[in-house]
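Asks: Data: input-v6.txt, compact mmCIF, C-alpha atoms and all ligand atoms.
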```
# COMPACT_ATOMS: atom_id res chain seq x y z
CA MET A 16 120.71 105.28 103.93
CA ILE A 17 118.52 106.90 101.28
CA ASP A 18 120.52 107.75 98.18
CA PHE A 19 118.74 109.85 95.57
CA GLU A 20 121.63 109.97 93.10
CA LEU A 21 120.29 108.75 89.79
CA SER A 22 121.91 105.75 88.15
CA ASP A 23 122.90 105.57 84.47
CA GLY A 24 119.85 103.36 83.91
CA ASP A 25 117.55 105.95 85.52
CA ASN A 26 119.05 108.72 83.40
CA LYS A 27 118.69 106.70 80.20
CA LEU A 28 114.96 106.26 80.81
CA ILE A 29 114.48 109.83 81.98
CA ASN A 30 116.20 111.20 78.86
CA GLU A 31 113.96 109.09 76.63
CA ALA A 32 110.88 110.31 78.53
CA ARG A 33 112.09 113.90 78.15
CA GLU A 34 112.46 113.51 74.40
CA GLN A 35 109.01 111.96 74.14
CA ALA A 36 107.53 114.75 76.25
CA THR A 37 109.04 117.33 73.89
CA LEU A 38 107.46 115.53 70.91
CA ALA A 39 104.06 115.32 72.63
CA ARG A 40 104.02 119.00 73.57
CA LYS A 41 103.06 120.10 70.07
CA TYR A 42 99.62 118.48 70.64
CA ALA A 43 99.04 120.29 73.93
CA ARG A 44 97.00 123.21 72.62
CA TYR A 45 95.03 121.11 70.15
CA TYR A 46 93.62 118.77 72.80
CA ASP A 47 93.16 121.67 75.20
CA GLN A 48 90.92 123.36 72.65
CA ASN A 49 89.17 120.20 71.42
CA GLU A 50 88.01 118.67 74.66
CA ASN A 51 85.48 116.36 73.04
CA ILE A 52 88.23 114.53 71.18
CA VAL A 53 89.89 111.85 73.30
CA PRO A 54 93.59 111.57 72.31
CA PRO A 55 94.58 108.29 70.64
CA ARG A 56 96.17 105.59 72.77
CA GLU A 57 99.34 106.16 70.80
CA LEU A 58 100.41 109.25 68.86
CA LYS A 59 102.28 108.66 65.60
CA GLU A 60 105.54 109.91 67.12
CA ALA A 61 105.52 106.91 69.49
CA VAL A 62 106.12 104.44 66.67
CA GLY A 63 109.56 102.87 66.94
CA ARG A 64 110.22 104.43 70.33
CA PRO A 65 110.53 102.38 73.52
CA ASP A 66 107.96 102.70 76.27
CA PRO A 67 110.07 103.83 79.26
CA PHE A 68 107.52 102.40 81.73
CA GLU A 69 107.93 98.94 80.19
CA GLU A 70 111.70 99.27 79.76
CA ARG A 71 111.95 100.03 83.47
CA LEU A 72 110.54 96.60 84.30
CA LYS A 73 113.31 94.91 82.30
CA MET A 74 116.06 96.99 83.93
CA GLU A 75 116.01 95.75 87.50
CA GLY A 76 119.52 96.16 88.94
CA GLN A 77 120.29 99.09 86.64
CA ILE A 78 117.68 101.47 88.05
CA SER A 79 117.10 102.91 91.51
CA GLY A 80 113.77 101.17 91.93
CA LYS A 81 110.65 100.46 89.87
CA ALA A 82 108.41 102.72 91.93
CA MET A 83 110.89 105.59 92.18
CA VAL A 84 111.62 105.57 88.45
CA GLU A 85 107.90 105.41 87.68
CA ALA A 86 107.45 108.71 89.55
CA LEU A 87 110.47 110.30 87.85
CA LEU A 88 109.13 109.29 84.43
CA HIS A 89 105.72 110.81 85.15
CA MET A 90 107.45 114.06 86.13
CA GLU A 91 109.22 114.10 82.77
CA PHE A 92 106.10 113.26 80.76
CA PHE A 93 104.07 115.99 82.48
CA ARG A 94 106.85 118.43 81.75
CA GLY A 95 105.75 118.01 78.14
CA ASP A 96 102.00 117.97 78.54
CA VAL A 97 98.99 116.07 79.84
CA VAL A 98 98.90 114.26 76.46
CA PRO A 99 101.55 111.53 76.46
CA LEU A 100 102.91 109.84 73.34
CA ARG A 101 101.31 106.69 74.76
CA VAL A 102 98.38 106.57 77.15
CA PRO A 103 99.30 104.19 80.02
CA LYS A 104 98.00 100.67 79.37
CA ILE A 105 96.55 100.30 82.83
CA SER A 106 94.62 102.47 85.23
CA LEU A 107 93.62 102.40 88.89
CA GLY A 108 91.01 99.67 88.44
CA ASN A 109 93.80 97.32 87.27
CA TYR A 110 95.58 97.72 90.61
CA VAL A 111 92.40 96.76 92.46
CA LEU A 112 91.98 93.69 90.26
CA GLU A 113 95.62 92.69 90.73
CA SER A 114 95.47 93.01 94.51
CA VAL A 115 92.20 91.17 95.24
CA GLY A 116 91.02 89.50 92.02
CA THR A 117 90.82 85.71 91.81
CA PRO A 118 93.17 83.93 89.34
CA GLU A 119 90.16 83.48 87.02
CA GLN A 120 89.32 87.20 87.12
CA ILE A 121 92.94 88.22 86.57
CA GLU A 122 93.23 85.80 83.65
CA LYS A 123 90.08 87.23 82.07
CA TRP A 124 90.64 90.98 82.57
CA GLY A 125 94.33 91.34 83.40
CA LYS A 126 95.08 92.92 80.01
CA ALA A 127 92.05 95.22 79.93
CA ARG A 128 92.34 98.92 80.78
CA ILE A 129 90.18 99.34 83.88
CA ALA A 130 89.07 102.74 85.15
CA ILE A 131 87.99 103.26 88.74
CA GLY A 132 84.48 104.49 89.60
CA ILE A 133 84.14 105.73 93.16
CA THR A 134 83.02 109.38 93.13
CA GLU A 135 79.29 110.21 93.09
CA PRO A 136 77.36 113.48 93.23
CA GLY A 137 77.15 113.23 97.04
CA ALA A 138 80.36 111.31 97.70
CA GLY A 139 83.78 112.76 96.83
CA SER A 140 86.21 113.29 99.69
CA ASP A 141 84.05 111.02 101.82
CA PRO A 142 83.53 107.87 99.74
CA SER A 143 81.67 106.15 102.60
CA ARG A 144 78.66 108.18 101.40
CA ILE A 145 78.33 106.35 98.07
CA THR A 146 74.81 105.19 97.24
CA THR A 147 75.32 102.96 94.18
CA THR A 148 73.70 99.65 95.10
CA ALA A 149 74.40 96.06 94.12
CA VAL A 150 71.64 93.50 94.68
CA TYR A 151 72.21 89.78 94.23
CA ASP A 152 69.75 87.82 92.06
CA LYS A 153 70.19 84.27 93.31
CA ALA A 154 68.02 82.70 90.59
CA LYS A 155 70.32 83.97 87.85
CA ASP A 156 73.55 84.18 89.88
CA GLU A 157 73.89 87.81 88.79
CA TRP A 158 74.28 91.20 90.47
CA ILE A 159 72.11 94.19 89.57
CA LEU A 160 73.78 97.59 89.80
CA ASN A 161 72.01 100.93 90.10
CA GLY A 162 73.68 104.30 90.59
CA GLU A 163 75.70 107.13 89.13
CA LYS A 164 79.41 107.96 89.12
CA ILE A 165 80.88 111.33 88.16
CA PHE A 166 84.28 112.64 86.98
CA ILE A 167 85.64 109.24 85.97
CA THR A 168 89.05 109.24 84.27
CA PHE A 169 89.30 107.03 81.16
CA ALA A 170 85.49 106.69 81.20
CA GLU A 171 85.30 106.65 77.41
CA ASP A 172 88.54 104.91 76.52
CA ALA A 173 88.71 102.21 79.22
CA ASP A 174 87.64 98.66 78.42
CA ALA A 175 85.92 98.28 81.79
CA VAL A 176 85.30 100.07 85.08
CA MET A 177 85.85 98.87 88.63
CA VAL A 178 82.69 100.14 90.30
CA PHE A 179 82.61 100.74 94.04
CA ALA A 180 79.14 99.96 95.40
CA ARG A 181 77.12 99.00 98.46
CA ASP A 182 75.76 95.49 98.74
CA LYS A 183 73.19 94.09 101.15
CA ARG A 184 74.76 91.54 103.47
CA ASP A 185 73.01 88.49 105.01
CA ASP A 186 72.50 90.40 108.27
CA GLY A 187 70.70 93.19 106.35
CA GLN A 188 73.62 95.65 106.76
CA LEU A 189 75.03 97.48 103.75
CA GLY A 190 78.67 96.67 103.01
CA TYR A 191 81.18 98.02 100.49
CA THR A 192 82.32 95.98 97.55
CA SER A 193 83.39 96.25 93.89
CA PHE A 194 82.31 95.01 90.47
CA LEU A 195 84.06 94.92 87.17
CA VAL A 196 81.64 96.20 84.54
CA GLU A 197 82.69 95.84 80.91
CA LYS A 198 81.88 98.36 78.22
CA GLY A 199 78.79 97.37 76.27
CA THR A 200 77.06 95.75 79.25
CA PRO A 201 73.31 96.55 78.96
CA GLY A 202 72.28 99.15 81.54
CA PHE A 203 75.77 100.73 81.66
CA SER A 204 76.20 104.05 79.86
CA VAL A 205 78.96 106.64 79.66
CA GLY A 206 78.06 110.36 79.63
CA PRO A 207 79.58 113.11 77.48
CA GLN A 208 83.06 114.44 78.22
CA VAL A 209 83.05 116.84 81.17
CA LYS A 210 84.06 120.39 80.24
CA LYS A 211 86.93 121.06 82.61
CA MET A 212 89.09 123.95 83.73
CA GLY A 213 92.33 122.07 83.03
CA ILE A 214 93.78 118.74 81.89
CA ARG A 215 91.21 118.95 79.10
CA ALA A 216 93.07 116.26 77.14
CA GLU A 217 92.24 113.77 79.87
CA ASP A 218 89.21 111.61 79.11
CA THR A 219 86.74 112.39 81.96
CA ALA A 220 83.02 111.55 81.99
CA GLY A 221 80.19 110.32 84.19
CA LEU A 222 78.78 106.79 84.30
CA VAL A 223 75.22 105.55 84.81
CA PHE A 224 74.15 102.07 85.93
CA GLN A 225 70.48 101.35 85.45
CA ASP A 226 69.45 97.80 86.33
CA CYS A 227 72.83 96.81 84.99
CA ARG A 228 73.28 93.05 85.38
CA VAL A 229 76.70 91.46 85.72
CA PRO A 230 77.56 87.78 86.31
CA SER A 231 78.93 86.68 89.69
CA LEU A 232 82.38 86.37 88.15
CA ASN A 233 82.44 90.18 87.87
CA HIS A 234 82.16 90.55 91.64
CA VAL A 235 85.70 91.58 92.61
CA LYS A 236 85.59 91.40 96.36
CA ALA A 237 87.48 94.60 97.02
CA ASP A 238 86.11 96.20 100.19
CA PHE A 239 86.79 99.73 101.40
CA LYS A 240 90.31 98.96 102.62
CA ALA A 241 91.35 97.07 99.48
CA VAL A 242 90.13 99.82 97.15
CA PHE A 243 91.76 102.63 99.08
CA LYS A 244 95.07 100.83 99.50
CA VAL A 245 95.63 101.46 95.79
CA PHE A 246 95.88 105.18 96.52
CA ASN A 247 99.02 104.61 98.62
CA PHE A 248 100.77 103.92 95.33
CA SER A 249 99.00 106.44 93.13
CA ARG A 250 98.95 109.55 95.33
CA PRO A 251 102.68 110.29 94.93
CA ILE A 252 102.18 109.78 91.19
CA VAL A 253 99.49 112.47 91.11
CA ALA A 254 101.96 114.72 92.94
CA ALA A 255 104.53 113.83 90.25
CA PHE A 256 102.06 114.98 87.54
CA GLY A 257 101.76 118.36 89.26
CA LEU A 258 105.51 118.67 89.70
CA GLY A 259 106.09 117.92 86.00
CA THR A 260 103.75 120.78 85.12
CA SER A 261 105.46 123.01 87.72
CA ARG A 262 108.90 122.30 86.26
CA ALA A 263 107.65 123.22 82.80
CA MET A 264 106.29 126.48 84.21
CA LEU A 265 109.48 127.31 86.14
CA ASP A 266 111.68 126.59 83.11
CA PHE A 267 109.47 128.73 80.87
CA THR A 268 109.56 131.59 83.39
CA LEU A 269 113.37 131.41 83.66
CA GLU A 270 113.64 131.35 79.87
CA LYS A 271 111.41 134.42 79.44
CA LEU A 272 113.27 136.32 82.17
CA ALA A 273 116.60 135.46 80.53
CA GLU A 274 115.29 136.92 77.24
CA ILE A 275 115.02 140.33 78.96
CA GLY A 276 118.36 139.98 80.68
CA ILE A 277 117.19 138.81 84.10
CA SER A 278 118.67 135.75 85.71
CA PRO A 279 118.14 134.86 89.36
CA LYS A 280 121.12 135.37 91.68
CA TYR A 281 120.61 132.61 94.20
CA GLN A 282 124.14 132.92 95.62
CA SER A 283 124.07 136.63 96.43
CA GLY A 284 122.91 136.25 100.03
CA LEU A 285 119.77 137.56 101.67
CA SER A 286 120.95 141.12 102.24
CA CYS A 287 121.51 141.89 98.58
CA GLN A 288 119.17 139.48 96.86
CA ASP A 289 116.74 141.10 94.43
CA ALA A 290 113.01 140.49 94.73
CA ILE A 291 112.73 138.20 91.72
CA SER A 292 115.59 135.95 92.89
CA ASP A 293 114.04 135.75 96.35
CA ARG A 294 110.69 134.72 94.88
CA LEU A 295 112.13 132.16 92.47
CA ALA A 296 114.39 130.67 95.15
CA ALA A 297 111.34 130.07 97.36
CA LEU A 298 109.51 128.38 94.48
CA GLU A 299 112.52 126.21 93.59
CA ALA A 300 112.83 125.20 97.26
CA GLU A 301 109.16 124.25 97.42
CA TYR A 302 109.50 122.28 94.19
CA GLU A 303 112.55 120.43 95.52
CA ALA A 304 110.92 119.63 98.89
CA ALA A 305 107.81 118.24 97.19
CA ARG A 306 109.91 116.27 94.70
CA LEU A 307 111.88 114.70 97.54
CA SER A 308 108.68 113.81 99.38
CA VAL A 309 107.49 111.96 96.25
CA LEU A 310 110.82 110.15 95.90
CA ARG A 311 110.80 109.22 99.59
CA ALA A 312 107.30 107.68 99.35
CA LYS A 313 108.30 105.76 96.23
CA TRP A 314 111.65 104.69 97.74
CA LEU A 315 109.77 103.26 100.74
CA GLU A 316 107.43 101.48 98.33
CA ASP A 317 110.44 99.96 96.59
CA GLN A 318 111.68 98.74 99.99
CA GLY A 319 108.30 97.10 100.64
CA SER A 320 107.52 99.42 103.58
CA ALA A 321 104.12 100.86 104.45
CA VAL A 322 103.60 104.16 102.63
CA LYS A 323 100.14 105.42 103.58
CA ILE A 324 101.26 108.53 105.43
CA GLU A 325 104.25 109.24 103.19
CA ALA A 326 101.93 108.94 100.17
CA SER A 327 99.54 111.48 101.69
CA MET A 328 102.45 113.80 102.56
CA ALA A 329 103.76 113.62 99.00
CA LYS A 330 100.29 114.27 97.59
CA ALA A 331 99.61 117.21 99.95
CA MET A 332 103.03 118.77 99.28
CA GLY A 333 103.00 118.11 95.54
CA GLY A 334 99.46 119.43 95.07
CA MET A 335 100.20 122.60 97.02
CA ALA A 336 103.56 123.16 95.31
CA ALA A 337 101.98 122.80 91.87
CA ARG A 338 99.25 125.32 92.70
CA ARG A 339 101.65 127.85 94.24
CA ILE A 340 104.41 127.55 91.63
CA THR A 341 102.09 127.92 88.63
CA LYS A 342 100.21 130.82 90.26
CA GLU A 343 103.35 132.75 91.22
CA CYS A 344 104.98 132.19 87.83
CA MET A 345 101.85 133.64 86.22
CA GLU A 346 102.32 136.73 88.40
CA ILE A 347 106.02 137.00 87.59
CA LEU A 348 105.36 136.63 83.85
CA GLY A 349 102.61 139.25 83.92
CA ASN A 350 99.86 139.83 81.33
CA PHE A 351 101.88 138.08 78.68
CA ALA A 352 101.27 134.74 80.47
CA LEU A 353 97.52 135.05 79.92
CA SER A 354 97.89 134.77 76.16
CA GLU A 355 97.05 131.46 74.50
CA ALA A 356 100.15 132.00 72.38
CA HIS A 357 102.00 130.26 75.22
CA LEU A 358 101.22 127.27 77.39
CA ALA A 359 101.70 129.09 80.71
CA GLU A 360 97.98 129.81 81.23
CA LYS A 361 97.23 126.17 80.38
CA TRP A 362 99.79 124.85 82.87
CA PHE A 363 98.23 127.13 85.50
CA ARG A 364 94.83 125.50 84.82
CA ASP A 365 96.26 121.97 84.51
CA ALA A 366 98.12 122.12 87.83
CA ARG A 367 94.93 122.64 89.86
CA ILE A 368 93.85 119.00 89.51
CA SER A 369 96.86 117.61 91.39
CA ASP A 370 95.36 119.11 94.56
CA ILE A 371 91.90 117.65 93.87
CA TYR A 372 91.70 114.08 92.62
CA GLU A 373 92.64 111.12 94.76
CA GLY A 374 91.90 113.35 97.73
CA PRO A 375 92.37 117.13 98.01
CA GLY A 376 95.15 118.59 100.19
CA GLU A 377 92.75 119.29 103.07
CA VAL A 378 91.79 115.63 103.19
CA GLN A 379 95.41 114.42 102.95
CA ARG A 380 96.29 116.66 105.89
CA LEU A 381 93.35 115.26 107.87
CA MET A 382 94.54 111.72 107.18
CA ILE A 383 98.10 112.57 108.22
CA ALA A 384 96.87 114.23 111.42
CA ARG A 385 94.62 111.25 112.26
CA SER A 386 97.48 108.86 111.82
CA LEU A 387 100.08 110.89 113.75
CA LEU A 388 97.72 111.73 116.63
CA GLY A 389 96.01 108.34 116.76
CA TYR A 390 92.46 109.57 116.07
CA SER A 391 89.81 107.57 114.25
CA GLN A 392 87.88 108.97 111.29
CA LYS A 393 84.91 109.64 113.59
CA GLU A 394 87.04 111.51 116.13
CA LEU A 395 88.75 113.83 113.62
CA ARG A 396 86.74 114.80 110.54
C1 LIG D 1 89.52 115.58 86.34
C2 LIG D 1 89.02 114.68 87.43
C3 LIG D 1 89.21 113.31 87.32
C4 LIG D 1 88.72 112.44 88.31
N1 LIG D 1 88.86 111.08 88.16
C5 LIG D 1 88.23 110.25 89.03
C6 LIG D 1 88.21 108.83 88.81
O1 LIG D 1 88.81 108.32 87.85
N2 LIG D 1 87.50 108.05 89.67
C7 LIG D 1 86.83 108.57 90.74
O2 LIG D 1 86.20 107.80 91.46
N3 LIG D 1 86.85 109.91 90.99
C8 LIG D 1 87.53 110.75 90.17
N4 LIG D 1 87.52 112.11 90.39
C9 LIG D 1 86.86 112.65 91.57
C10 LIG D 1 87.83 113.15 92.64
O3 LIG D 1 88.48 112.08 93.27
C11 LIG D 1 87.01 114.03 93.61
O4 LIG D 1 86.72 115.23 92.91
C12 LIG D 1 87.78 114.33 94.87
O5 LIG D 1 87.88 113.19 95.67
C13 LIG D 1 87.11 115.44 95.70
O6 LIG D 1 85.75 115.18 95.85
P1 LIG D 1 84.66 116.31 95.50
O7 LIG D 1 85.00 116.89 94.19
O8 LIG D 1 83.30 115.72 95.69
O9 LIG D 1 84.89 117.44 96.57
P2 LIG D 1 84.28 117.55 98.09
O10 LIG D 1 84.49 116.25 98.76
O11 LIG D 1 82.87 118.04 97.92
O12 LIG D 1 85.19 118.64 98.66
C14 LIG D 1 85.05 120.02 98.34
C15 LIG D 1 86.08 120.80 99.13
O13 LIG D 1 85.88 120.59 100.55
C16 LIG D 1 87.09 120.13 101.16
N5 LIG D 1 86.78 119.16 102.21
C17 LIG D 1 86.04 118.04 102.07
N6 LIG D 1 85.97 117.36 103.24
C18 LIG D 1 86.71 118.09 104.13
C19 LIG D 1 87.01 117.92 105.52
N7 LIG D 1 86.58 116.88 106.21
N8 LIG D 1 87.79 118.86 106.11
C20 LIG D 1 88.26 119.93 105.40
N9 LIG D 1 87.98 120.15 104.09
C21 LIG D 1 87.23 119.24 103.48
C22 LIG D 1 87.87 119.49 100.04
O14 LIG D 1 89.25 119.51 100.29
C23 LIG D 1 87.52 120.36 98.85
O15 LIG D 1 88.34 121.50 98.82
C24 LIG D 1 88.06 112.98 89.45
C25 LIG D 1 87.90 114.37 89.58
C26 LIG D 1 88.38 115.22 88.59
C27 LIG D 1 88.17 116.70 88.76
```
Would you mind writing the file's structure down as structure tokens?
Ligand SMILES: Cc1cc2nc3c(=O)[nH]c(=O)nc-3n(C[C@H](O)[C@H](O)[C@H](O)COP(=O)(O)OP(=O)(O)OC[C@H]3O[C@@H](n4cnc5c(N)ncnc54)[C@H](O)[C@@H]3O)c2cc1C

Replies:
Amino acid sequence: MIDFELSDGDNKLINEAREQATLARKYARYYDQNENIVPPRELKEAVGRPDPFEERLKMEGQISGKAMVEALLHMEFFRGDVVPLRVPKISLGNYVLESVGTPEQIEKWGKARIAIGITEPGAGSDPSRITTTAVYDKAKDEWILNGEKIFITFAEDADAVMVFARDKRDDGQLGYTSFLVEKGTPGFSVGPQVKKMGIRAEDTAGLVFQDCRVPSLNHVKADFKAVFKVFNFSRPIVAAFGLGTSRAMLDFTLEKLAEIGISPKYQSGLSCQDAISDRLAALEAEYEAARLSVLRAKWLEDQGSAVKIEASMAKAMGGMAARRITKECMEILGNFALSEAHLAEKWFRDARISDIYEGPGEVQRLMIARSLLGYSQKELR
């Protein structure tokens, strides 16, 4: 039976994350307005405080599950802001390395922060369209990379990038594979920070590879399947980001309504419920449904079960809930919410990303439909 009651261990970590999120919130507007400045890996308020993500790993037996608690912590941190007290030590490229890297590769780069570089100007939702090439130079036992990646998270701050590319196989066909490219490698450059609508504190830039040579050791043989398996774990986390922002928005809306003497009457029954209670009840229900879908995907992950479809469901529901909740709260709050004196307008902009990266809602729904109906990618696109 699935039991979502939180343990004392869960609550201890969640409370710490909530306190840290409150401390981080004071930086929210600064990094929103200064997009060219990448936040430090650790803000001064983090000193002397535990890292709840690391504590979780030491608390097996006291918590509901590593994966589930990870999602709950992200929800708390995003309730504060996009800027955390501590930037996570690893990124998506690390998961690729851990799942398919050789012991030698893991030994060498296991502690590096590794971004993931998949998206290109002509390849977003459909990554099979990537055109970055990798050509093997037998004489030097090196690979030569050429291509461009766009919208890469941690582009500036990461120590290395896991680059998804096409290589020429012995039979002349182009395959899919990956390379770990370290910062400072000749021929590898990082573009300026992208000016974004939301999550402006997040380090996002493009990458260029121009006759960029890497040794054979950097060839991490992650094919299409291996790279995209990582998203089974990270998609519910992206939904958790959006739900953290949504919770902040809902709480702010309730607080502002309370200041003018309005509090929702959820118990009054449909026949005498006022319009505002009806609207807020629908938003709370959507929030709760999406939150449970995230917890279900992460609970399955903790049980070692396959999570591909559940991860897509959580991502589709979380992304949509975040968009709808922040939009409707803006409407309920009125003109006042547009002022930069409050974070509401920022949360509205920030929430949009949870329905874009790691696959927009439309694409998640396609994947779910394909899986449930037994269609291939070619049959249903
Ligand atoms: C802030 C930010 C950070 C990012 N970080 C990274 C990163 O670290 N690494 C990385 O590799 N990428 C990253 N991305 C890229 C992100 O994963 C892509 O933006 C995303 O996959 C969507 O691709 P696209 O933007 O090219 O949109 P498109 O694929 O061009 O889609 C445009 C629209 O069409 C819809 N659509 C597309 N195909 C279909 C279809 N078959 N049926 C119905 N509708 C469809 C989409 O849902 C979307 O609404 C990031 C993007 C952003 C904005």

Asks: Would you work out the distance separating atom CA of Cys344 of chain A from atom CA of Thr268 of chain A, expressed in Å to one decimal?

Replies: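 Calculated distance between atom CA of Cys344 of chain A and atom CA of Thr268 of chain A is 6.4 Å.
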
Asks: Residues within 9 Å of ligand LIG 1 (chain D) (only C-alpha atoms and all ligand atoms), as a PyMOL selection string?

Replies: chain A and resi 106-108+130-142+164-170+178-179+209+211-215+217-220+368+370-381+395-396

Asks: I'd like the interatomic distance between atom CA of Ala36 of chain A and atom CA of Asp96 of chain A, to a tenth of an Å.

Replies: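 Separating atom CA of Ala36 of chain A from atom CA of Asp96 of chain A is a distance of 6.8 Å.
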
Asks: Dig up all the protein and nucleic acid residues within 6 Å of (107.9, 120.3, 94.5) in the file frame, using only C-alpha atoms, and format them as a ChimeraX atom specification.

Replies: /A:258,301-306,333,336

Asks: For Phe246 of chain A, which residue among A:Val322, A:Ala359, A:Leu160, A:Leu38 is the nearest when counting all atoms listed in the file?

Replies: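 Among A:Val322, A:Ala359, A:Leu160, A:Leu38, it is A:Val322 that comes nearest to Phe246 of chain A.
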
Asks: Tell me, counting all atoms listed in the file, for each residue of segment 183-282 of chain A within 12 Å of segment 122-126 of chain A, which pair of atoms is nearest and how far apart they are in Å to one decimal, in rows ordered by chain and increasing number, as CSV.

Replies:
```
residue,atom,partner,partner_atom,distance
A:Leu195,CA,A:Trp124,CA,8.9
A:Val196,CA,A:Trp124,CA,10.6
A:Glu197,CA,A:Trp124,CA,9.5
A:Leu232,CA,A:Lys123,CA,9.8
A:Asn233,CA,A:Trp124,CA,9.8
A:Val235,CA,A:Trp124,CA,11.2
```

Asks: Interatomic distance between atom CA of Asn161 of chain A and atom CA of Thr147 of chain A?

Replies: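 Taking atom CA of Asn161 of chain A and atom CA of Thr147 of chain A, their separation equals 5.6 Å.
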
Asks: Between A:Ile340, A:Val53, A:Val97, A:Ala180, which residue has the minimum interatomic distance to Lys41 of chain A, considering only C-alpha atoms?

Replies: A:Val97

Asks: Please determine the residues with any atom at most 7 Å from (109.4, 99.4, 92.6) (coordinates as given in the file, with all atoms listed in the file counting) and report them as a count of residues only.

Replies: 6

Asks: Using only C-alpha atoms, find the one residue out of A:Phe194, A:Tyr46, A:Phe92, A:Tyr390 that sits nearest to Phe68 of chain A.

Replies: A:Phe92

Asks: A:Pro118, A:Trp362, A:Arg184, A:Val111: which is nearest Asn247 of chain A, counting only C-alpha atoms?

Replies: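 Closest residue, counting only C-alpha atoms: A:Val111.
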
Asks: Restricting the calculation to only C-alpha atoms, which member of A:Glu325, A:Asp47, A:Asp226, A:Glu34 is positioned closest to Lys361 of chain A?

Replies: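 Closest to Lys361 of chain A of all the choices is A:Asp47.
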
Asks: Residues at most 6 Å from Ile159 of chain A, counting all atoms listed in the file, excluding those fewer than 6 positions away in the same chain, as a list in words?

Replies: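 In the requested form, the answer reads Ala149, Val150, Asp226, Cys227 and Arg228 of chain A.
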
Asks: Write the selection just made, keeping C-alpha atoms, as a PDB file, in the frame of the given file?

Replies:
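New file part.pdb:
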```pdb
ATOM      1  CA  ALA A 149      74.400  96.060  94.120  1.00  0.00           C
ATOM      2  CA  VAL A 150      71.640  93.500  94.680  1.00  0.00           C
ATOM      3  CA  ASP A 226      69.450  97.800  86.330  1.00  0.00           C
ATOM      4  CA  CYS A 227      72.830  96.810  84.990  1.00  0.00           C
ATOM      5  CA  ARG A 228      73.280  93.050  85.380  1.00  0.00           C
TER       6      ARG A 228
END
```

Asks: Return the single residue from A:Glu70, A:Asp23, A:Glu274, A:Glu85 that is closest to Phe248 of chain A, with distances computed using all atoms listed in the file.

Replies: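 Closest to Phe248 of chain A, using all atoms listed in the file: A:Glu85.
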
Asks: Using only C-alpha atoms, which protein or nucleic acid residues come within 10 Å of Leu58 of chain A? Drop anything in the same chain fewer than 4 positions from it, and give the result as a list in words.

Replies: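 In the requested form, the answer reads Leu38, Ala39, Tyr42, Pro54, Val62, Val98, Pro99, Leu100, Arg101 and Val102 of chain A.
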
Asks: So that each row is one residue of segment 222-265 of chain A with an atom at most 12 Å from segment 112-115 of chain A, can you give its shortest atom pair and the distance in Å to one decimal, using all atoms listed in the file, rows by chain and rising number, as a Markdown table?

Replies:
```
| residue | atom | partner | partner_atom | distance |
| --- | --- | --- | --- | --- |
| A:Asn233 | CA | A:Leu112 | CA | 10.4 |
| A:His234 | CA | A:Leu112 | CA | 10.4 |
| A:Val235 | CA | A:Val115 | CA | 7.0 |
| A:Lys236 | CA | A:Val115 | CA | 6.7 |
| A:Ala237 | CA | A:Val115 | CA | 6.1 |
| A:Asp238 | CA | A:Val115 | CA | 9.3 |
| A:Phe239 | CA | A:Val115 | CA | 11.9 |
| A:Lys240 | CA | A:Val115 | CA | 10.9 |
| A:Ala241 | CA | A:Val115 | CA | 7.3 |
| A:Val242 | CA | A:Ser114 | CA | 9.0 |
| A:Phe243 | CA | A:Ser114 | CA | 11.3 |
| A:Lys244 | CA | A:Ser114 | CA | 9.3 |
| A:Val245 | CA | A:Ser114 | CA | 8.5 |
```

Asks: Could you model N, CA and C atoms for segment 89-96 of chain A and present them as a PDB file, keeping the file's coordinate frame?

Replies:
```
ATOM      1  N   HIS A  89     106.939 109.990  85.230  1.00  0.00           N
ATOM      2  CA  HIS A  89     105.720 110.810  85.150  1.00  0.00           C
ATOM      3  C   HIS A  89     106.067 112.301  85.220  1.00  0.00           C
ATOM      4  N   MET A  90     107.054 112.640  86.048  1.00  0.00           N
ATOM      5  CA  MET A  90     107.450 114.060  86.130  1.00  0.00           C
ATOM      6  C   MET A  90     107.935 114.536  84.761  1.00  0.00           C
ATOM      7  N   GLU A  91     108.710 113.706  84.093  1.00  0.00           N
ATOM      8  CA  GLU A  91     109.220 114.100  82.770  1.00  0.00           C
ATOM      9  C   GLU A  91     108.081 114.216  81.751  1.00  0.00           C
ATOM     10  N   PHE A  92     107.189 113.222  81.755  1.00  0.00           N
ATOM     11  CA  PHE A  92     106.100 113.260  80.760  1.00  0.00           C
ATOM     12  C   PHE A  92     105.213 114.496  80.974  1.00  0.00           C
ATOM     13  N   PHE A  93     104.923 114.828  82.228  1.00  0.00           N
ATOM     14  CA  PHE A  93     104.070 115.990  82.480  1.00  0.00           C
ATOM     15  C   PHE A  93     104.794 117.301  82.230  1.00  0.00           C
ATOM     16  N   ARG A  94     106.090 117.236  82.123  1.00  0.00           N
ATOM     17  CA  ARG A  94     106.850 118.430  81.750  1.00  0.00           C
ATOM     18  C   ARG A  94     106.527 118.791  80.300  1.00  0.00           C
ATOM     19  N   GLY A  95     106.161 117.774  79.527  1.00  0.00           N
ATOM     20  CA  GLY A  95     105.750 118.010  78.140  1.00  0.00           C
ATOM     21  C   GLY A  95     104.314 118.485  78.124  1.00  0.00           C
ATOM     22  N   ASP A  96     103.419 117.606  78.490  1.00  0.00           N
ATOM     23  CA  ASP A  96     102.000 117.970  78.540  1.00  0.00           C
ATOM     24  C   ASP A  96     101.207 116.836  79.177  1.00  0.00           C
TER      25      ASP A  96
END
```
